[in-house]
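Printed here is my_file_18.tsv (TSV, C-alpha atoms):
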chain	number	residue	atom	x	y	z
A	1	MET	CA	23.36	-4.76	-14.65
A	2	LEU	CA	21.81	-4.12	-11.28
A	3	LEU	CA	22.46	-0.61	-10.03
A	4	ALA	CA	21.05	-0.45	-6.53
A	5	CYS	CA	18.97	-2.39	-4.10
A	6	ALA	CA	16.51	-1.05	-1.52
A	7	PRO	CA	17.26	-2.86	1.75
A	8	LEU	CA	14.54	-4.80	3.47
A	9	ALA	CA	13.36	-2.78	6.44
A	10	PRO	CA	12.80	-4.74	9.65
A	11	ALA	CA	9.23	-5.89	10.15
A	12	MET	CA	7.44	-3.44	12.40
A	13	ALA	CA	6.09	-5.17	15.48
A	14	GLN	CA	3.81	-2.24	16.21
A	15	VAL	CA	0.40	-3.82	16.30
A	16	ALA	CA	-1.76	-1.73	18.62
A	17	GLU	CA	-2.23	-3.51	21.94
A	18	ILE	CA	-4.97	-2.69	24.45
A	19	LEU	CA	-3.48	-2.57	27.94
A	20	ASP	CA	-6.55	-1.44	29.87
A	21	THR	CA	-10.01	0.06	29.46
A	22	THR	CA	-11.51	2.89	31.49
A	23	ALA	CA	-14.99	4.39	31.45
A	24	THR	CA	-14.00	6.74	28.63
A	25	ALA	CA	-10.94	5.33	26.85
A	26	ARG	CA	-8.82	2.37	25.90
A	27	ILE	CA	-5.22	2.51	27.04
A	28	VAL	CA	-3.34	1.41	23.92
A	29	LYS	CA	0.32	0.55	23.55
A	30	ASP	CA	1.77	2.00	20.35
A	31	ALA	CA	5.17	2.78	18.85
A	32	ARG	CA	5.94	5.52	21.38
A	33	GLY	CA	4.43	4.15	24.55
A	34	GLU	CA	0.85	4.43	25.73
A	35	VAL	CA	-2.04	6.59	24.55
A	36	GLU	CA	-5.64	6.99	25.71
A	37	VAL	CA	-7.89	6.32	22.73
A	38	PRO	CA	-11.53	7.42	23.17
A	39	LEU	CA	-13.94	4.50	23.37
A	40	GLU	CA	-15.92	5.80	20.41
A	41	PRO	CA	-13.79	8.20	18.35
A	42	HIS	CA	-15.86	10.02	15.75
A	43	ARG	CA	-13.56	12.76	14.48
A	44	ILE	CA	-10.38	11.04	13.37
A	45	VAL	CA	-7.55	12.63	11.37
A	46	ALA	CA	-5.40	10.23	9.31
A	47	LEU	CA	-1.83	11.27	8.51
A	48	HIS	CA	-1.07	8.46	6.04
A	49	ASN	CA	-2.96	6.69	3.26
A	50	MET	CA	-2.87	3.42	5.18
A	51	PHE	CA	-4.84	4.98	8.05
A	52	SER	CA	-7.42	6.45	5.69
A	53	GLU	CA	-7.77	3.06	4.05
A	54	ALA	CA	-8.06	1.24	7.37
A	55	LEU	CA	-10.78	3.63	8.55
A	56	VAL	CA	-12.73	3.30	5.31
A	57	ALA	CA	-12.45	-0.49	5.51
A	58	MET	CA	-13.99	-0.31	8.98
A	59	GLY	CA	-16.74	2.09	7.89
A	60	LEU	CA	-15.12	5.11	9.57
A	61	ALA	CA	-14.25	7.85	7.09
A	62	PRO	CA	-11.77	10.31	8.65
A	63	VAL	CA	-12.79	13.96	9.04
A	64	GLY	CA	-9.32	14.95	7.82
A	65	ALA	CA	-6.57	13.18	5.92
A	66	VAL	CA	-3.28	13.95	4.21
A	67	ALA	CA	-3.05	13.55	0.46
A	68	ARG	CA	-0.33	13.07	-2.11
A	69	VAL	CA	0.52	15.55	-4.86
A	70	ASN	CA	-2.12	13.99	-7.11
A	71	GLY	CA	-4.81	14.13	-4.42
A	72	MET	CA	-6.60	11.54	-2.35
A	73	PRO	CA	-5.99	7.91	-3.38
A	74	GLY	CA	-8.22	7.01	-6.31
A	75	GLN	CA	-9.38	3.79	-4.67
A	76	LEU	CA	-10.64	5.83	-1.71
A	77	GLN	CA	-11.95	8.98	-3.41
A	78	ASP	CA	-15.65	8.15	-3.13
A	79	ALA	CA	-15.37	7.20	0.53
A	80	LEU	CA	-13.30	10.33	1.28
A	81	LYS	CA	-15.48	12.82	-0.60
A	82	ASP	CA	-16.38	14.60	2.64
A	83	THR	CA	-12.90	14.33	4.17
A	84	GLN	CA	-10.93	17.57	4.42
A	85	PRO	CA	-7.33	17.52	3.15
A	86	VAL	CA	-4.82	18.45	5.84
A	87	GLY	CA	-1.64	18.88	3.82
A	88	ASP	CA	0.43	16.08	2.40
A	89	GLN	CA	2.12	13.14	4.04
A	90	SER	CA	5.48	14.87	4.25
A	91	ALA	CA	4.07	18.20	5.52
A	92	PRO	CA	0.78	18.01	7.46
A	93	ASP	CA	-1.14	21.26	7.93
A	94	PHE	CA	-1.33	21.56	11.71
A	95	GLU	CA	-3.67	24.56	11.67
A	96	ALA	CA	-6.11	22.63	9.49
A	97	ILE	CA	-5.89	19.65	11.84
A	98	LEU	CA	-6.56	21.90	14.85
A	99	GLY	CA	-9.54	23.47	13.11
A	100	LEU	CA	-11.18	20.07	12.66
A	101	GLU	CA	-11.25	19.53	16.43
A	102	PRO	CA	-10.38	15.82	16.17
A	103	ASP	CA	-10.80	13.41	19.04
A	104	LEU	CA	-8.04	11.15	17.67
A	105	ILE	CA	-5.06	11.47	15.31
A	106	LEU	CA	-3.44	8.50	13.58
A	107	ALA	CA	0.18	8.98	12.51
A	108	GLN	CA	3.35	7.10	11.62
A	109	ALA	CA	6.01	7.05	14.30
A	110	ASP	CA	8.86	7.12	11.80
A	111	LYS	CA	7.41	10.13	9.91
A	112	ILE	CA	6.08	12.44	12.59
A	113	GLY	CA	9.49	13.23	14.09
A	114	ASP	CA	9.50	16.16	16.52
A	115	ASN	CA	5.86	17.00	15.86
A	116	TYR	CA	4.41	14.46	18.28
A	117	GLU	CA	4.04	16.95	21.11
A	118	LEU	CA	2.28	19.40	18.80
A	119	LEU	CA	-0.14	16.76	17.56
A	120	SER	CA	-0.81	15.25	20.98
A	121	ALA	CA	-1.67	18.74	22.26
A	122	ILE	CA	-4.45	18.82	19.65
A	123	ALA	CA	-5.81	15.32	20.32
A	124	PRO	CA	-4.67	11.87	21.49
A	125	THR	CA	-2.24	10.65	18.86
A	126	LEU	CA	-1.80	6.95	18.11
A	127	LEU	CA	1.54	6.17	16.46
A	128	LEU	CA	1.85	3.06	14.29
A	129	ASP	CA	4.32	2.54	11.46
A	130	GLU	CA	3.32	0.78	8.27
A	131	PRO	CA	3.49	-3.00	8.63
A	132	GLU	CA	6.05	-4.65	6.38
A	133	GLY	CA	4.26	-7.98	6.22
A	134	PRO	CA	1.58	-8.78	8.81
A	135	TRP	CA	-0.95	-6.16	7.71
A	136	ARG	CA	-3.89	-8.32	8.82
A	137	GLU	CA	-2.69	-8.33	12.43
A	138	TRP	CA	-1.98	-4.61	12.14
A	139	LEU	CA	-5.51	-3.86	10.89
A	140	HIS	CA	-7.10	-6.10	13.50
A	141	GLY	CA	-5.11	-4.38	16.25
A	142	LEU	CA	-6.15	-0.94	15.04
A	143	GLY	CA	-9.75	-2.16	14.84
A	144	GLU	CA	-9.59	-3.28	18.46
A	145	ALA	CA	-8.11	0.06	19.51
A	146	LEU	CA	-10.99	1.89	17.81
A	147	GLY	CA	-13.70	-0.51	18.93
A	148	HIS	CA	-14.21	-1.83	15.40
A	149	ALA	CA	-12.39	-5.16	15.43
A	150	GLU	CA	-15.42	-6.96	13.97
A	151	GLN	CA	-15.52	-4.62	10.98
A	152	ALA	CA	-11.76	-4.93	10.48
A	153	ASP	CA	-11.95	-8.72	10.55
A	154	ALA	CA	-14.84	-8.70	8.07
A	155	ALA	CA	-12.81	-6.59	5.62
A	156	ILE	CA	-9.87	-8.97	5.96
A	157	ALA	CA	-12.08	-12.02	5.44
A	158	ALA	CA	-13.69	-10.54	2.33
A	159	TYR	CA	-10.29	-9.76	0.86
A	160	ASP	CA	-8.93	-13.23	1.60
A	161	ALA	CA	-11.99	-14.92	0.08
A	162	ARG	CA	-11.72	-12.96	-3.16
A	163	ALA	CA	-7.95	-13.48	-3.37
A	164	ALA	CA	-8.46	-17.23	-3.00
A	165	GLU	CA	-11.00	-17.20	-5.86
A	166	VAL	CA	-8.69	-15.31	-8.19
A	167	LYS	CA	-5.71	-17.46	-7.21
A	168	ALA	CA	-7.61	-20.60	-8.25
A	169	GLU	CA	-8.68	-19.03	-11.56
A	170	VAL	CA	-5.25	-17.72	-12.51
A	171	THR	CA	-3.39	-20.83	-11.40
A	172	ALA	CA	-5.63	-22.97	-13.59
A	173	LEU	CA	-5.21	-20.72	-16.64
A	174	HIS	CA	-1.51	-19.85	-16.31
A	175	PRO	CA	0.31	-22.61	-14.40
A	176	ASN	CA	3.98	-21.80	-13.75
A	177	GLU	CA	3.93	-18.65	-15.92
A	178	THR	CA	6.17	-15.97	-14.46
A	179	VAL	CA	5.20	-12.47	-13.35
A	180	LEU	CA	7.15	-9.25	-12.83
A	181	LEU	CA	6.16	-5.76	-11.63
A	182	LEU	CA	8.07	-2.91	-13.30
A	183	ARG	CA	8.05	0.80	-12.47
A	184	VAL	CA	9.35	3.40	-14.93
A	185	ARG	CA	10.26	6.70	-13.28
A	186	GLU	CA	12.02	9.78	-14.60
A	187	LYS	CA	15.11	8.93	-12.54
A	188	ASP	CA	15.23	5.16	-12.86
A	189	ILE	CA	13.59	1.84	-13.66
A	190	ARG	CA	12.65	-0.48	-10.81
A	191	VAL	CA	11.78	-4.15	-10.56
A	192	TYR	CA	9.56	-4.59	-7.53
A	193	GLY	CA	10.13	-7.40	-5.06
A	194	GLY	CA	8.15	-9.46	-2.62
A	195	SER	CA	8.71	-7.76	0.71
A	196	ARG	CA	5.83	-5.28	0.97
A	197	ARG	CA	2.61	-3.90	-0.49
A	198	SER	CA	2.01	-5.46	-3.92
A	199	GLY	CA	4.70	-8.11	-3.49
A	200	PRO	CA	2.97	-10.27	-0.88
A	201	VAL	CA	-0.32	-9.89	-2.77
A	202	LEU	CA	1.16	-11.19	-6.01
A	203	TYR	CA	3.47	-13.89	-4.73
A	204	GLN	CA	1.75	-15.03	-1.53
A	205	ASP	CA	-1.97	-14.27	-1.63
A	206	LEU	CA	-2.33	-15.01	-5.35
A	207	GLY	CA	0.46	-17.57	-5.54
A	208	LEU	CA	1.90	-16.17	-8.76
A	209	THR	CA	5.33	-17.35	-9.89
A	210	PRO	CA	7.92	-14.58	-9.66
A	211	HIS	CA	10.31	-14.12	-12.54
A	212	PRO	CA	13.94	-14.86	-11.52
A	213	LEU	CA	14.71	-11.11	-11.56
A	214	VAL	CA	12.11	-10.43	-8.86
A	215	PRO	CA	13.99	-9.69	-5.60
A	216	LEU	CA	11.72	-11.47	-3.14
A	217	GLU	CA	13.54	-10.32	0.00
A	218	VAL	CA	13.57	-6.59	-0.74
A	219	GLU	CA	11.11	-3.89	-1.79
A	220	HIS	CA	12.67	-3.21	-5.19
A	221	GLU	CA	15.86	-3.19	-7.21
A	222	THR	CA	16.89	-0.37	-9.52
A	223	VAL	CA	17.98	-1.58	-12.94
A	224	SER	CA	19.52	-0.06	-16.06
A	225	ASN	CA	18.26	-0.19	-19.65
A	226	GLU	CA	20.84	-2.89	-20.26
A	227	ILE	CA	18.73	-5.36	-18.32
A	228	ILE	CA	15.66	-4.99	-20.54
A	229	PRO	CA	16.48	-8.15	-22.57
A	230	GLN	CA	16.39	-10.10	-19.28
A	231	LEU	CA	12.81	-9.03	-18.48
A	232	THR	CA	11.56	-12.30	-19.92
A	233	ALA	CA	8.56	-12.75	-17.62
A	234	ASP	CA	5.43	-14.18	-19.22
A	235	HIS	CA	3.42	-11.32	-17.71
A	236	ILE	CA	4.63	-7.80	-16.86
A	237	PHE	CA	2.60	-5.42	-14.70
A	238	LEU	CA	3.73	-1.87	-15.42
A	239	MET	CA	3.60	1.35	-13.39
A	240	VAL	CA	4.54	4.34	-15.55
A	241	GLU	CA	5.38	7.75	-14.11
A	242	ASP	CA	7.34	9.14	-17.07
A	243	GLU	CA	5.46	8.67	-20.34
A	244	ALA	CA	8.26	10.12	-22.46
A	245	LYS	CA	10.76	7.70	-21.00
A	246	MET	CA	8.35	4.79	-21.41
A	247	SER	CA	7.71	5.74	-25.05
A	248	GLY	CA	11.45	5.65	-25.67
A	249	ILE	CA	11.73	2.21	-24.12
A	250	GLU	CA	8.74	0.88	-26.04
A	251	ALA	CA	10.30	2.03	-29.32
A	252	THR	CA	13.38	-0.15	-28.85
A	253	ALA	CA	13.85	-3.54	-30.46
A	254	LEU	CA	14.90	-4.87	-27.04
A	255	TRP	CA	11.48	-4.07	-25.56
A	256	GLN	CA	9.56	-5.22	-28.62
A	257	GLY	CA	11.35	-8.54	-28.46
A	258	LEU	CA	10.25	-9.38	-24.92
A	259	PRO	CA	7.93	-12.42	-24.60
A	260	ALA	CA	5.29	-10.48	-22.63
A	261	VAL	CA	5.28	-7.66	-25.19
A	262	LYS	CA	4.92	-10.02	-28.14
A	263	ALA	CA	2.13	-11.93	-26.40
A	264	GLY	CA	0.23	-8.79	-25.36
A	265	HIS	CA	0.85	-9.57	-21.71
A	266	VAL	CA	2.05	-6.15	-20.53
A	267	TYR	CA	-0.54	-4.57	-18.26
A	268	ARG	CA	-0.50	-0.95	-17.13
A	269	VAL	CA	-1.72	-0.51	-13.55
A	270	ASP	CA	-2.45	2.41	-11.21
A	271	ILE	CA	0.45	3.13	-8.87
A	272	GLN	CA	-1.85	4.35	-6.07
A	273	PRO	CA	-3.28	0.99	-4.98
A	274	TRP	CA	-0.24	-0.94	-6.18
A	275	ASN	CA	2.44	0.99	-4.35
A	276	GLN	CA	1.13	3.81	-2.14
A	277	SER	CA	-0.97	2.18	0.56
A	278	THR	CA	-1.53	-0.96	2.59
A	279	GLY	CA	-4.79	-2.71	3.33
A	280	PRO	CA	-7.72	-4.71	1.97
A	281	ILE	CA	-9.04	-1.97	-0.34
A	282	SER	CA	-5.79	-1.28	-2.21
A	283	PHE	CA	-4.81	-4.93	-2.18
A	284	GLY	CA	-8.30	-5.80	-3.38
A	285	ARG	CA	-7.72	-3.51	-6.37
A	286	ILE	CA	-4.51	-5.39	-7.15
A	287	VAL	CA	-6.39	-8.69	-6.98
A	288	GLU	CA	-9.03	-7.37	-9.37
A	289	ASP	CA	-6.38	-6.07	-11.78
A	290	VAL	CA	-4.79	-9.53	-11.85
A	291	ALA	CA	-8.22	-11.09	-12.37
A	292	ASP	CA	-8.96	-8.71	-15.25
A	293	HIS	CA	-5.67	-9.38	-17.01
A	294	MET	CA	-4.89	-13.01	-16.14
A	295	GLY	CA	-8.22	-14.45	-15.07
A	296	LYS	CA	-9.30	-15.32	-18.59
A	297	ALA	CA	-7.87	-17.42	-21.39
A	298	ASP	CA	-6.11	-15.67	-24.29
Please render this file's structure as structure tokens.
Amino acid sequence: MLLACAPLAPAMAQVAEILDTTATARIVKDARGEVEVPLEPHRIVALHNMFSEALVAMGLAPVGAVARVNGMPGQLQDALKDTQPVGDQSAPDFEAILGLEPDLILAQADKIGDNYELLSAIAPTLLLDEPEGPWREWLHGLGEALGHAEQADAAIAAYDARAAEVKAEVTALHPNETVLLLRVREKDIRVYGGSRRSGPVLYQDLGLTPHPLVPLEVEHETVSNEIIPQLTADHIFLMVEDEAKMSGIEATALWQGLPAVKAGHVYRVDIQPWNQSTGPISFGRIVEDVADHMGKAD
């Protein structure tokens, strides 16, 4: 029995667009209007994982970045070792941001709310929401705004080349075998869809076959324990946030009877790259996880 469905958010057409260039700045159109971005920003503060990831992909580690409860994203920890935390994504530390003396702040328009004026008083603030689908265009646009379009395009090309390699390997080894991404939380169980983050990587870039329960047009659907017998995918990727709950599920005959469980095709994965950021580094980790688990014969 399906309990709830997360609606598909409209695709954000907020790719940064350069309107003009002066001797010291690029005039960039963003989600709010126009902002003057320094020609060569060196001290950038990132107020979402996706901005930190984009900067790292372009060879520009931020001087400050927000973190989640469990710290900086694991896939970015080495690159962000000298980056100062400035609160978390839901509550940035404005005093810490001010103390870093940034020359540019990157933030989400739909998260920053009434704090835009405060941030823009500290430094020019570029507002871009997370792209729902066209992340390549989004990253290229940000690269252009920062004067690093070539580096952004190189990161995209490297990701696409590796994804194509893994797609060919997995398709040859597991033709038409179905895949499903499951998340076990304290509050609920979710089957993840095809609309954002890991979904397009799995079902578009890697060409994997979604199990019929995969909601391709939405981010995820919340399901009850009653649906466990219907999780008949050949391969299940699993994000676990509540180990006690997962242990209870694993002890049931319903779970033990699933095809993927019996075949040893249930793969635990790290939620940080799979569901907490957007870009070629996180998505590259997903590709490598698929390669590790499905890129070889049983």
Find the axis-aligned box for region 25-35 of chain A, covering all its listed atoms and adding 4 Å on each side, and write its centre and edge lengths in Å to one decimal as AutoDock Vina command-line options.
--center_x -2.5 --center_y 3.6 --center_z 22.9 --size_x 24.9 --size_y 14.0 --size_z 16.2
One residue among A:Glu137, A:Glu95, A:Asp88, A:Glu53 is nearest to Leu76 (chain A) when using only C-alpha atoms, and that residue is A:Glu53
Within 12 Å of Gly64 (chain A), counting only C-alpha atoms, which residues show up once you throw out same-chain ones fewer than 6 positions away? Write them as a PDB file with C-alpha atoms, in the coordinates of the input, please.
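Produced file out24.pdb, reproduced below:
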ATOM      1  CA  HIS A  42     -15.860  10.020  15.750  1.00  0.00           C
ATOM      2  CA  ARG A  43     -13.560  12.760  14.480  1.00  0.00           C
ATOM      3  CA  ILE A  44     -10.380  11.040  13.370  1.00  0.00           C
ATOM      4  CA  VAL A  45      -7.550  12.630  11.370  1.00  0.00           C
ATOM      5  CA  ALA A  46      -5.400  10.230   9.310  1.00  0.00           C
ATOM      6  CA  LEU A  47      -1.830  11.270   8.510  1.00  0.00           C
ATOM      7  CA  HIS A  48      -1.070   8.460   6.040  1.00  0.00           C
ATOM      8  CA  ASN A  49      -2.960   6.690   3.260  1.00  0.00           C
ATOM      9  CA  PHE A  51      -4.840   4.980   8.050  1.00  0.00           C
ATOM     10  CA  SER A  52      -7.420   6.450   5.690  1.00  0.00           C
ATOM     11  CA  LEU A  55     -10.780   3.630   8.550  1.00  0.00           C
ATOM     12  CA  MET A  72      -6.600  11.540  -2.350  1.00  0.00           C
ATOM     13  CA  LEU A  80     -13.300  10.330   1.280  1.00  0.00           C
ATOM     14  CA  LYS A  81     -15.480  12.820  -0.600  1.00  0.00           C
ATOM     15  CA  ASP A  82     -16.380  14.600   2.640  1.00  0.00           C
ATOM     16  CA  THR A  83     -12.900  14.330   4.170  1.00  0.00           C
ATOM     17  CA  GLN A  84     -10.930  17.570   4.420  1.00  0.00           C
ATOM     18  CA  PRO A  85      -7.330  17.520   3.150  1.00  0.00           C
ATOM     19  CA  VAL A  86      -4.820  18.450   5.840  1.00  0.00           C
ATOM     20  CA  GLY A  87      -1.640  18.880   3.820  1.00  0.00           C
ATOM     21  CA  ASP A  88       0.430  16.080   2.400  1.00  0.00           C
ATOM     22  CA  PRO A  92       0.780  18.010   7.460  1.00  0.00           C
ATOM     23  CA  ASP A  93      -1.140  21.260   7.930  1.00  0.00           C
ATOM     24  CA  PHE A  94      -1.330  21.560  11.710  1.00  0.00           C
ATOM     25  CA  GLU A  95      -3.670  24.560  11.670  1.00  0.00           C
ATOM     26  CA  ALA A  96      -6.110  22.630   9.490  1.00  0.00           C
ATOM     27  CA  ILE A  97      -5.890  19.650  11.840  1.00  0.00           C
ATOM     28  CA  LEU A  98      -6.560  21.900  14.850  1.00  0.00           C
ATOM     29  CA  GLY A  99      -9.540  23.470  13.110  1.00  0.00           C
ATOM     30  CA  LEU A 100     -11.180  20.070  12.660  1.00  0.00           C
ATOM     31  CA  GLU A 101     -11.250  19.530  16.430  1.00  0.00           C
ATOM     32  CA  PRO A 102     -10.380  15.820  16.170  1.00  0.00           C
ATOM     33  CA  ASP A 103     -10.800  13.410  19.040  1.00  0.00           C
ATOM     34  CA  LEU A 104      -8.040  11.150  17.670  1.00  0.00           C
ATOM     35  CA  ILE A 105      -5.060  11.470  15.310  1.00  0.00           C
ATOM     36  CA  LEU A 106      -3.440   8.500  13.580  1.00  0.00           C
TER      37      LEU A 106
END
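The spacing separating CA of Met246 (chain A) from CA of Gln75 (chain A) amounts to 24.4 Å.
Distance check against Ala155 (chain A) using all atoms listed in the file: of A:Val201, A:Leu139, A:Ala263, A:Val214, the minimum falls on A:Leu139.
When CA of Ala23 (chain A) is paired with CA of His148 (chain A), their separation reads 17.2 Å.
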